[in-house]
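All remarks here apply to the structure that follows.
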Number of protein chains: 2
Amino acid sequence: MAKGIAKRSEDYSRWYTDVIAAAKLADYSPIKGCMVIRPNGYALWERMQAALDKMFKETGHVNAYFPLFIPESFMKKEAEHVEGFAPECAVVTHGGGKKLEEPLIIRPTSETIIWSMYKKWIQSYRDLPILINQWANVVRWEMRTRLFLRTTEFLWQEGHTAHATAEEAEQETLKLLDVYTRFAKDYMAIPVIRGVKTEREKFAGALRTYCIEAMMQDKKALQAGTSHNLGQNFAKAFDVTFQDERGNLDFVYATSWGVSTRLIGAIIMSHGDDEGVIMPPKLAPIQVVIVPIWKSETEKNLILQRVEQLSIEWNGRFSFHVDEREGYRPGWKYNEWEQYGVPIRIEIGPKDLEQNHVILVRRDTQEKQSVEIGILTTTLEKTLDAIQMNLYKRSLKFREENSFYVDDYSEFKKQIEDPSGFFWLHWCGSPECENRLQEETKATIRCIPIDDNVCKEKGRCVICGGESNERVIVAKAY
Amino acid sequence: MAKGIAKRSEDYSRWYTDVIAAAKLADYSPIKGCMVIRPNGYALWERMQAALDKMFKETGHVNAYFPLFIPESFMKKEAEHVEGFAPECAVVTHGGGKKLEEPLIIRPTSETIIWSMYKKWIQSYRDLPILINQWANVVRWEMRTRLFLRTTEFLWQEGHTAHATAEEAEQETLKLLDVYTRFAKDYMAIPVIRGVKTEREKFAGALRTYCIEAMMQDKKALQAGTSHNLGQNFAKAFDVTFQDERGNLDFVYATSWGVSTRLIGAIIMSHGDDEGVIMPPKLAPIQVVIVPIWKSETEKNLILQRVEQLSIEWNGRFSFHVDEREGYRPGWKYNEWEQYGVPIRIEIGPKDLEQNHVILVRRDTQEKQSVEIGILTTTLEKTLDAIQMNLYKRSLKFREENSFYVDDYSEFKKQIEDPSGFFWLHWCGSPECENRLQEETKATIRCIPIDDNVCKEKGRCVICGGESNERVIVAKAY
């Protein structure tokens with residue numbers, strides 16, 4: 001066990017915060033509920049941003065920036081929206097030394113300010129679609145916060161699109177759900193279940209909310225991204241109409257979708273172990289760390305020289321760092337890079353050089369192997385791929401081992417207590433049963449899955465015994 | 001003159017806002033003083049960010065993110081700092097439906113929140129230097145705003161570094177001034193004058209503020225970036241000490257430095273003309289636009305096919321866009337791309353194809369030339385370089401033609417009225433003369449230049465006749 005990190009199996013919650021501290025990903029700030037994203041955490045976020053931004057642009061989106069402030073009256077224009085967000089708002093009442101005529105809300109999400117602008121920009125079908133994304137900070141006043149997972153201020157991206165037809169809006173909503181799913185799988189190495197939220201759990205102001213749900217290592221669910229079909233709700237609230245090709249006026253159709261720095265929490269909780277974080281190679285700020293081992297200045301120079309030669313062919317293929325620090329023992333360095341989650345460590349000493357090999361250590365399995373220098377570069381590339389794949393498979397296996405089909409309510413109530421998991425239950429679709437479920441078990445319906453055919457079987461609601469057309473996923477959640 | 005754009009020579013101020021509207025760079029928002037950065041403007045900002053971020057990282061800096069909120073009490077810890085920023089603060093008084101115990105300021109700049117964290121992170125010389133940059137939004141309540149140049153909320157980067165010695169802090173301050181100078185020259189194609197601000201004009205809380213000053217096409221000055229040596233002021237305010245190698249305690253030395261979306265305004269006002277914006281090629285989101293000209297479907301297909309063949313070798317060399325839109329005349333398209341400032345336009349019709357050439361039009365000079373298709377790619381690359389160079393040279397020439405050495409105060413008072421310019425004046429160094437200068441002429445001392453040896457000559461203060469060791473730059477400014 002790494003120094004200062006609680007055992008994951010003994011105190012998951014403390015393990016999580018210990019790991020963040022040890023990896024220097026984030027720190028508590030003096031402002032309640034707000035965190036500081038430290039350089040190690042921000043470097044990860046930058047890589048996540050770069051990958052997502054590329055995917056957004058490849059699907060035709062452009063970035064823009066809208067104001068931080070939203071007039072209070074705007075928030076009230078969409079009834080469900082204000083009801084959902086009002087309790088979480090931070091309010092600016094004074095500016096430039098004077099009391100403001102109308103208080104300003106700090107954006108908890110930007111639908112209202114953006115749709116007030118879309119009203120200016122949209123007149124005709126020629127102005128559609130608008131496919132805009134924004135990278136921004138948002139504020140939601142939270143009582144109980146947790147680093148990355150739930151903080152008063154957080155960083156995210158929010159896409160806001162405008163369309164001429166309901167079909168196009170629905171396609172866009174699903175297209176982005178697909179982008180998020182691929183990002184989770186291919187970059188974060190996290191398997192997710194795609195589904196629709198229940199009416200109760202949908203975004204305030206949406207027609208329909210799609211989501212991706214992931215299982216953390218404590219078997220709880222984490223909502224990792226959402227994509228909303230907003231229908232004409234915001235267009236009606238802000239009176240945004242367009243003239244179609246035949247000259248008819250109609251309200252514009254909308255979507256919005258977002259993921260946040262919460263995903264950093266997902267990575268930590270999906271892959272981390274008792275030694276610290278494990279970065280998926282595709283997002284790791286440093287993919288390979290080289291720890292040279294020397295006893296004399298001569299040895300040091302010799303090794304560093306050799307490492308420099310070797311690393312010439314690494315540029316542009318993967319990111320690496322040579323830990324040349326003086327005054328730290330190799331073991332101390334190993335421990336630090338393990339806490340940081342660097343996927344591969346290379347140890348190289350004078351004897352290794354003589355024998356023309358190095359020691360390669362995989363962060364995910366702790367496996368050590370001796371690698372001949374001649375095949376080092378290709379071995380590194382292959383091993384990075386293998387680690388990426390292994391993290392994904394391991395997470396998928398874990399989820400499968402902790403997913404259960406249960407058809408008896410008292411059986412479910414027993415099982416949902418630790419060790420918990422994902423439960424595929426039949427549900428009649430009524431809010432009453434949904435509420436009762438949560439009150440009695442503290443678990444919620446995470447989503448109505450849309451991919452898995454298995455869940456489409458008919459059955460009886462586990463709560464009331466009423467008819468059910470499909471299974472839904474129930475779990476305790478972050 | 002492009003439709004809807006005022007003549008630059010007749011109404012510079014209206015020309016500026018017209019050009020921004022025509023190029024769809026930004027729009028006014030419903031919140032007083034806040035703007036929306038539209039996709040065309042944000043794409044430019046993304047390229048500026050990418051170039052600057054690379055330069056910061058090459059000089060050893062890493063990114064992080066600190067909270068948007070600053071407790072009011074923190075702002076008050078550095079006396080000059082609070083005096084400078086208090087009148088511009090936006091204040092959050094309510095959160096989550098309750099009145100806050102302590103009001104929160106929305107960061108106008110982040111020295112105070114960051115130094116409260118540095119206190120946690122710095123104990124020994126081993127923790128130094130800290131070289132952190134942050135990309136963020138900040139809020140300064142402004143009464144008179146202007147798109148990009150002065151808005152209540154704006155985007156910027158702010159570097160905040162911590163050092164063990166005064167010398168190192170000074171070196172860092174100058175290193176970043178150098179980064180900004182190179183960025184202005186090499187990317188924005190804007191020549192700048194490097195200098196030190198007077199005591200009156202320095203950053204609130206700094207020991208010394210360095211700046212880069214540029215001349216706009218209305219001959220006014222624009223402060224394009226600042227780099228502050230903060231000495232031990234913030235370390236003392238937040239009690240941040242470190243133990244040096246000998247075990248002695250000392251306060252840490254600090255710098256901070258920033259540039260903002262104001263630089264977009266600088267690009268518009270340095271290079272734009274009566275047709276619209278002119279993007280410097282190195283920052284242009286689209287560097288080359290191809291406008292195919294067709295009359296029949298057959299012609300269209302033929303041309304688009306040829307363009308696709310040609311463009312295969314363009315990927316990765318420069319960014320381009322093929323304007324395939326139906327229902328717009330070529331002339332209309334030309335006009336739009338001119339307004340957007342795309343550096344090169346390629347016109348290609350059926351006759352051009354037959355003769356195996358295309359028409360290339362430079363945005364900066366409006367020159368048209370026929371280019372043989374065989375040498376098109378290299379011609380495009382060379383022309384992009386030539387445009388970048390020409391924009392810089394043109395701006396430099398303009399500044400030189402409008403810079404004057406004046407040694408007589410009444411002569412200066414006459415000349416500072418339109419057409420104005422940069423005036424190299426002798427100044428005794430007294431705040432009294434500095435104040436009188438501004439009161440009587442509305443011009444300010446922009447900086448005490450640090451590069452030009454010419455200004456180091458001795459002379460007599462143009463206001464009081466006292467001794468002066470060097471000339472300073474006086475101009476009206478944004």
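Following the order of the structure tokens, first chain is A, next is B, and so on, with residues numbered from 1 inside each chain and ligands from 1 in the order they appear.
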key: Within 7 Å of chain B: residues of chain A, using only C-alpha atoms, as a PyMOL selection string   = chain A and resi 34-39+42+62-67+87-97+141
request  = Tell me which protein, DNA and RNA residues are within 10 Å of A:Tyr409, counting only C-alpha atoms, leaving out same-chain ones fewer than 6 positions away, and put them as a PyMOL selection string.
outcome  = chain A and resi 415+425+437+461-465
task = Just the alpha helix (DSSP H) stuff from stretch 145-332 of chain A, please, per backbone DSSP, written as an MDAnalysis selection string.
result = chainID A and resid 166:186 233:237 262:271 297:311 330:332
Those same residues - C-alpha atoms - I'd like them written as an mmCIF file, in the first residue's frame.
```cif
data_model
loop_
_atom_site.group_PDB
_atom_site.id
_atom_site.type_symbol
_atom_site.label_atom_id
_atom_site.label_comp_id
_atom_site.auth_asym_id
_atom_site.auth_seq_id
_atom_site.Cartn_x
_atom_site.Cartn_y
_atom_site.Cartn_z
ATOM 1 C CA ALA A 166 -37.865 17.176 -34.702
ATOM 2 C CA GLU A 167 -36.180 14.256 -36.482
ATOM 3 C CA GLU A 168 -32.965 16.183 -36.976
ATOM 4 C CA ALA A 169 -32.893 17.203 -33.309
ATOM 5 C CA GLU A 170 -33.387 13.597 -32.229
ATOM 6 C CA GLN A 171 -30.612 12.461 -34.585
ATOM 7 C CA GLU A 172 -28.289 15.091 -33.158
ATOM 8 C CA THR A 173 -29.102 14.043 -29.581
ATOM 9 C CA LEU A 174 -28.230 10.437 -30.404
ATOM 10 C CA LYS A 175 -25.159 11.410 -32.432
ATOM 11 C CA LEU A 176 -23.670 13.106 -29.403
ATOM 12 C CA LEU A 177 -24.628 10.241 -27.132
ATOM 13 C CA ASP A 178 -22.616 8.139 -29.537
ATOM 14 C CA VAL A 179 -19.645 10.543 -29.355
ATOM 15 C CA TYR A 180 -19.704 10.316 -25.559
ATOM 16 C CA THR A 181 -19.969 6.532 -25.648
ATOM 17 C CA ARG A 182 -16.986 6.248 -27.984
ATOM 18 C CA PHE A 183 -14.987 8.714 -25.915
ATOM 19 C CA ALA A 184 -15.689 6.762 -22.724
ATOM 20 C CA LYS A 185 -14.720 3.483 -24.344
ATOM 21 C CA ASP A 186 -11.818 4.449 -26.604
ATOM 22 C CA ASN A 233 -39.388 24.071 -25.212
ATOM 23 C CA PHE A 234 -36.662 26.702 -25.270
ATOM 24 C CA ALA A 235 -37.654 28.013 -28.698
ATOM 25 C CA LYS A 236 -41.133 28.630 -27.300
ATOM 26 C CA ALA A 237 -39.803 30.192 -24.105
ATOM 27 C CA ARG A 262 -16.582 14.857 -13.294
ATOM 28 C CA LEU A 263 -15.108 12.485 -15.880
ATOM 29 C CA ILE A 264 -11.760 12.829 -14.120
ATOM 30 C CA GLY A 265 -13.476 11.357 -11.069
ATOM 31 C CA ALA A 266 -14.775 8.548 -13.272
ATOM 32 C CA ILE A 267 -11.265 7.687 -14.433
ATOM 33 C CA ILE A 268 -9.916 7.668 -10.878
ATOM 34 C CA MET A 269 -12.759 5.519 -9.573
ATOM 35 C CA SER A 270 -12.821 3.116 -12.527
ATOM 36 C CA HIS A 271 -9.140 2.266 -12.755
ATOM 37 C CA GLU A 297 28.444 10.735 -12.084
ATOM 38 C CA THR A 298 30.023 8.633 -14.840
ATOM 39 C CA GLU A 299 27.236 6.096 -14.710
ATOM 40 C CA LYS A 300 24.659 8.860 -14.709
ATOM 41 C CA ASN A 301 26.083 10.528 -17.818
ATOM 42 C CA LEU A 302 26.379 7.216 -19.610
ATOM 43 C CA ILE A 303 22.775 6.261 -18.913
ATOM 44 C CA LEU A 304 21.295 9.660 -19.697
ATOM 45 C CA GLN A 305 23.213 9.723 -22.957
ATOM 46 C CA ARG A 306 21.847 6.317 -23.920
ATOM 47 C CA VAL A 307 18.312 7.339 -22.935
ATOM 48 C CA GLU A 308 18.593 10.434 -25.093
ATOM 49 C CA GLN A 309 19.646 8.331 -28.086
ATOM 50 C CA LEU A 310 16.781 5.942 -27.517
ATOM 51 C CA SER A 311 14.204 8.641 -27.074
ATOM 52 C CA PRO A 330 14.807 5.162 -7.318
ATOM 53 C CA GLY A 331 12.236 3.463 -5.060
ATOM 54 C CA TRP A 332 10.881 6.832 -4.008
#
```
query = Looking at only C-alpha atoms, which of B:Glu101, B:Glu439, B:Glu338, B:Glu158 is the one that sits closest to B:Val289?
reply =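 Among the listed residues, B:Glu338 lies closest to B:Val289.
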ask   = B:Lys351, B:Lys393, B:Arg362, B:His426: which is nearest B:Ile190, counting only C-alpha atoms?
value =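 That would be B:Lys393, the residue with the smallest distance to B:Ile190.
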Could you name the residues that touch B:Ala443 at 8 Å or less, counting only C-alpha atoms, but leaving out those on the same chain fewer than 4 positions away, as a PDB file with N, CA and C atoms, in the first residue's frame?
```pdb
ATOM      1  N   ILE B 416      -1.074  66.434 -30.798  1.00  0.00           N
ATOM      2  CA  ILE B 416      -1.780  65.292 -30.212  1.00  0.00           C
ATOM      3  C   ILE B 416      -3.257  65.291 -30.619  1.00  0.00           C
ATOM      4  N   LEU B 437      -0.112  66.372 -17.832  1.00  0.00           N
ATOM      5  CA  LEU B 437      -0.120  65.925 -19.224  1.00  0.00           C
ATOM      6  C   LEU B 437      -1.480  65.324 -19.584  1.00  0.00           C
ATOM      7  N   GLN B 438      -1.945  64.443 -18.728  1.00  0.00           N
ATOM      8  CA  GLN B 438      -3.210  63.781 -19.043  1.00  0.00           C
ATOM      9  C   GLN B 438      -4.389  64.736 -18.986  1.00  0.00           C
ATOM     10  N   VAL B 474       4.168  58.899 -25.310  1.00  0.00           N
ATOM     11  CA  VAL B 474       2.884  59.477 -24.913  1.00  0.00           C
ATOM     12  C   VAL B 474       1.904  59.321 -26.070  1.00  0.00           C
ATOM     13  N   ALA B 475       0.694  58.887 -25.750  1.00  0.00           N
ATOM     14  CA  ALA B 475      -0.319  58.719 -26.798  1.00  0.00           C
ATOM     15  C   ALA B 475      -1.696  58.654 -26.163  1.00  0.00           C
ATOM     16  N   LYS B 476      -2.690  58.893 -26.973  1.00  0.00           N
ATOM     17  CA  LYS B 476      -4.049  58.557 -26.546  1.00  0.00           C
ATOM     18  C   LYS B 476      -4.189  57.050 -26.659  1.00  0.00           C
ATOM     19  N   ALA B 477      -4.991  56.500 -25.777  1.00  0.00           N
ATOM     20  CA  ALA B 477      -5.012  55.030 -25.724  1.00  0.00           C
ATOM     21  C   ALA B 477      -6.407  54.468 -25.532  1.00  0.00           C
TER      22      ALA B 477
END
```
query = So which residues of stretch 417-473 of chain B fall under strand (DSSP E or B) by DSSP, listed as a PyMOL selection string?
reply = chain B and resi 422-426+444-449+459-460+467-468+471-473
message = Please determine, counting only C-alpha atoms, which residue among A:Phe423, A:Gly60, A:Lys333, A:Gly4 has the shortest atom-to-atom distance to A:Ser403.
response =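 Once distances to A:Ser403 are computed over only C-alpha atoms, the minimum belongs to A:Phe423.
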key: Surrounding residues of A:Ala189 excluding itself and chain neighbours under 6 positions, 7 Å, only C-alpha atoms, as an MDAnalysis selection string   = chainID A and resid 280 388 391:392
inquiry  = As an exercise, work out the distance from atom CA of A:Asp53 to atom CA of A:Cys211 in Å and give it to one decimal place.
reply    =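 Separation of atom CA of A:Asp53 and atom CA of A:Cys211: 19.0 Å.
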query = For B:Ile293, which of B:Arg194, B:Arg325, B:His160, B:Lys413 is the closest residue, counting only C-alpha atoms?
reply = B:Arg325
Non-local contacts of B:Glu417 (12 Å; only C-alpha atoms; under 5 positions in same chain excluded) as a PDB file with C-alpha atoms, in the first residue's frame:
```pdb
ATOM      1  CA  ASP B 218      -6.465  55.469 -35.789  1.00  0.00           C
ATOM      2  CA  LYS B 219      -3.017  56.156 -34.291  1.00  0.00           C
ATOM      3  CA  LYS B 220      -4.157  55.409 -30.774  1.00  0.00           C
ATOM      4  CA  SER B 410       2.566  73.670 -26.996  1.00  0.00           C
ATOM      5  CA  GLU B 411       3.728  72.060 -30.224  1.00  0.00           C
ATOM      6  CA  PHE B 412       2.870  68.663 -28.697  1.00  0.00           C
ATOM      7  CA  PHE B 422       3.008  58.184 -30.700  1.00  0.00           C
ATOM      8  CA  PHE B 423       5.011  61.024 -29.179  1.00  0.00           C
ATOM      9  CA  GLU B 440      -4.492  68.917 -20.519  1.00  0.00           C
ATOM     10  CA  THR B 441      -4.209  66.547 -23.469  1.00  0.00           C
ATOM     11  CA  LYS B 442      -6.110  63.347 -22.586  1.00  0.00           C
ATOM     12  CA  ALA B 443      -2.954  61.477 -23.613  1.00  0.00           C
ATOM     13  CA  ALA B 475      -0.319  58.719 -26.798  1.00  0.00           C
ATOM     14  CA  LYS B 476      -4.049  58.557 -26.546  1.00  0.00           C
TER      15      LYS B 476
END
```
task = May I ask which of the residues A:Ala23, A:Leu353, A:Ile278, A:Ile312 is the closest one to A:Pro292, counting only C-alpha atoms?
result =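 Closest to A:Pro292 of all the choices is A:Leu353.
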Would you list the contacts of A:Cys428 as a PDB file with C-alpha atoms, in the first residue's frame, taking every protein, DNA or RNA residue within 6 Å and counting only C-alpha atoms, but skipping same-chain residues closer than 2 positions in sequence?
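As a result, result.pdb now contains:
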```pdb
ATOM      1  CA  SER A 430     -45.092   4.767 -12.814  1.00  0.00           C
ATOM      2  CA  CYS A 461     -42.848  -4.535 -12.075  1.00  0.00           C
ATOM      3  CA  GLY A 466     -47.828  -4.254 -12.815  1.00  0.00           C
ATOM      4  CA  GLU A 467     -46.992  -4.893 -16.452  1.00  0.00           C
ATOM      5  CA  SER A 468     -43.495  -4.015 -17.640  1.00  0.00           C
TER       6      SER A 468
END
```
